[in-house]
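For reference, the structure discussed in these notes is given below.
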Amino acid sequence: MDERERLDVNRNGNRLTMSEFLERDGRTLEDICQDVLFGEENAPALCDQGCEVEPDGTCPHGCPSILLAAGMI
């Protein structure tokens, strides 16, 4: 976990790191991107509450979508 991720996680107790989320979800970032951009799915947020959001959005807990956090949006 890099310093920026550590600071973000410390400010928001619900936020998962990218690695934590991908391990929990079981898909790759590429798979998620395809499902969101070409499917009918919302983007998962990096949130331990399981929130889903618009690809460029954040959840009610302040966690960004995985695509936004990855710099893909």
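FYI, nothing fancy with the structure tokens labels: chains A, B, ... in order, residues from 1 per chain, ligands from 1 as they appear.
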
I need the residues in chain A that are alpha helix (DSSP H) according to DSSP; give them as number ranges by chain. A: 3-11, 18-25, 29-38, 66-69

File of the preceding selection, N, CA and C atoms, as a compact mmCIF listing (two decimals), in the first residue's frame:
# COMPACT_ATOMS: atom_id res chain seq x y z
N GLU A 3 1.77 5.45 0.20
CA GLU A 3 1.44 6.48 1.20
C GLU A 3 0.09 7.13 0.93
N ARG A 4 -0.22 7.42 -0.34
CA ARG A 4 -1.50 8.06 -0.67
C ARG A 4 -2.67 7.15 -0.29
N GLU A 5 -2.55 5.86 -0.60
CA GLU A 5 -3.61 4.92 -0.23
C GLU A 5 -3.78 4.86 1.28
N ARG A 6 -2.66 4.85 2.01
CA ARG A 6 -2.73 4.81 3.47
C ARG A 6 -3.46 6.03 4.02
N LEU A 7 -3.18 7.20 3.49
CA LEU A 7 -3.84 8.41 3.95
C LEU A 7 -5.33 8.38 3.64
N ASP A 8 -5.70 7.94 2.42
CA ASP A 8 -7.11 7.85 2.05
C ASP A 8 -7.86 6.88 2.95
N VAL A 9 -7.27 5.74 3.22
CA VAL A 9 -7.92 4.74 4.05
C VAL A 9 -8.08 5.27 5.47
N ASN A 10 -7.08 5.96 5.97
CA ASN A 10 -7.16 6.50 7.32
C ASN A 10 -8.24 7.56 7.45
N ARG A 11 -8.49 8.33 6.41
CA ARG A 11 -9.53 9.36 6.45
C ARG A 11 -10.92 8.77 6.34
N MET A 18 -7.34 -0.78 -3.57
CA MET A 18 -7.62 -1.47 -4.82
C MET A 18 -7.34 -2.97 -4.65
N SER A 19 -6.21 -3.31 -4.05
CA SER A 19 -5.83 -4.71 -3.85
C SER A 19 -6.85 -5.44 -2.98
N GLU A 20 -7.28 -4.81 -1.89
CA GLU A 20 -8.28 -5.44 -1.01
C GLU A 20 -9.58 -5.70 -1.77
N PHE A 21 -10.02 -4.70 -2.54
CA PHE A 21 -11.27 -4.87 -3.27
C PHE A 21 -11.18 -6.00 -4.28
N LEU A 22 -10.11 -6.01 -5.09
CA LEU A 22 -9.98 -7.03 -6.12
C LEU A 22 -9.89 -8.43 -5.51
N GLU A 23 -9.23 -8.55 -4.38
CA GLU A 23 -9.15 -9.85 -3.70
C GLU A 23 -10.54 -10.30 -3.24
N ARG A 24 -11.32 -9.39 -2.68
CA ARG A 24 -12.67 -9.73 -2.22
C ARG A 24 -13.60 -10.06 -3.39
N ASP A 25 -13.49 -9.28 -4.47
CA ASP A 25 -14.41 -9.41 -5.60
C ASP A 25 -14.12 -10.63 -6.46
N LEU A 29 -9.34 -5.99 -12.64
CA LEU A 29 -9.78 -4.65 -12.98
C LEU A 29 -10.29 -4.61 -14.42
N GLU A 30 -9.63 -5.34 -15.31
CA GLU A 30 -10.06 -5.41 -16.71
C GLU A 30 -11.47 -6.01 -16.82
N ASP A 31 -11.73 -7.08 -16.08
CA ASP A 31 -13.05 -7.70 -16.10
C ASP A 31 -14.12 -6.74 -15.61
N ILE A 32 -13.83 -6.03 -14.54
CA ILE A 32 -14.79 -5.07 -13.98
C ILE A 32 -15.05 -3.96 -14.99
N CYS A 33 -13.99 -3.45 -15.61
CA CYS A 33 -14.11 -2.39 -16.60
C CYS A 33 -15.02 -2.83 -17.75
N GLN A 34 -14.81 -4.04 -18.26
CA GLN A 34 -15.65 -4.56 -19.34
C GLN A 34 -17.09 -4.69 -18.91
N ASP A 35 -17.32 -5.20 -17.71
CA ASP A 35 -18.69 -5.38 -17.21
C ASP A 35 -19.41 -4.04 -17.08
N VAL A 36 -18.70 -3.02 -16.64
CA VAL A 36 -19.31 -1.71 -16.43
C VAL A 36 -19.50 -0.98 -17.76
N LEU A 37 -18.46 -0.96 -18.59
CA LEU A 37 -18.53 -0.17 -19.81
C LEU A 37 -19.35 -0.83 -20.92
N PHE A 38 -19.39 -2.16 -20.95
CA PHE A 38 -20.11 -2.85 -22.02
C PHE A 38 -21.36 -3.58 -21.53
N ILE A 66 -14.27 2.10 -8.48
CA ILE A 66 -12.97 1.50 -8.74
C ILE A 66 -12.35 2.08 -10.01
N LEU A 67 -13.20 2.41 -10.99
CA LEU A 67 -12.68 2.98 -12.24
C LEU A 67 -12.15 4.39 -12.03
N LEU A 68 -12.82 5.17 -11.20
CA LEU A 68 -12.34 6.51 -10.88
C LEU A 68 -11.03 6.44 -10.10
N ALA A 69 -10.96 5.54 -9.13
CA ALA A 69 -9.75 5.40 -8.33
C ALA A 69 -8.57 4.90 -9.16

Leaving out segment 40-55 of chain A and any residue of its chain fewer than 6 positions from it, which residues lie within 6 Å of it when counting only C-alpha atoms, given as a ChimeraX atom specification? /A:14-16,63-66

I need the strand (DSSP E) residues of chain A per DSSP on the backbone, written as a JSON list (two decimals) with C-alpha atoms, in the first residue's frame.
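What ended up in selection25.json:
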[["chain", "number", "residue", "atom", "x", "y", "z"],
["A", 43, "ALA", "CA", -19.31, 0.39, -11.01],
["A", 44, "PRO", "CA", -18.37, -1.05, -7.65],
["A", 52, "GLU", "CA", -22.26, 0.41, -6.38],
["A", 53, "VAL", "CA", -22.09, 3.79, -8.09]]
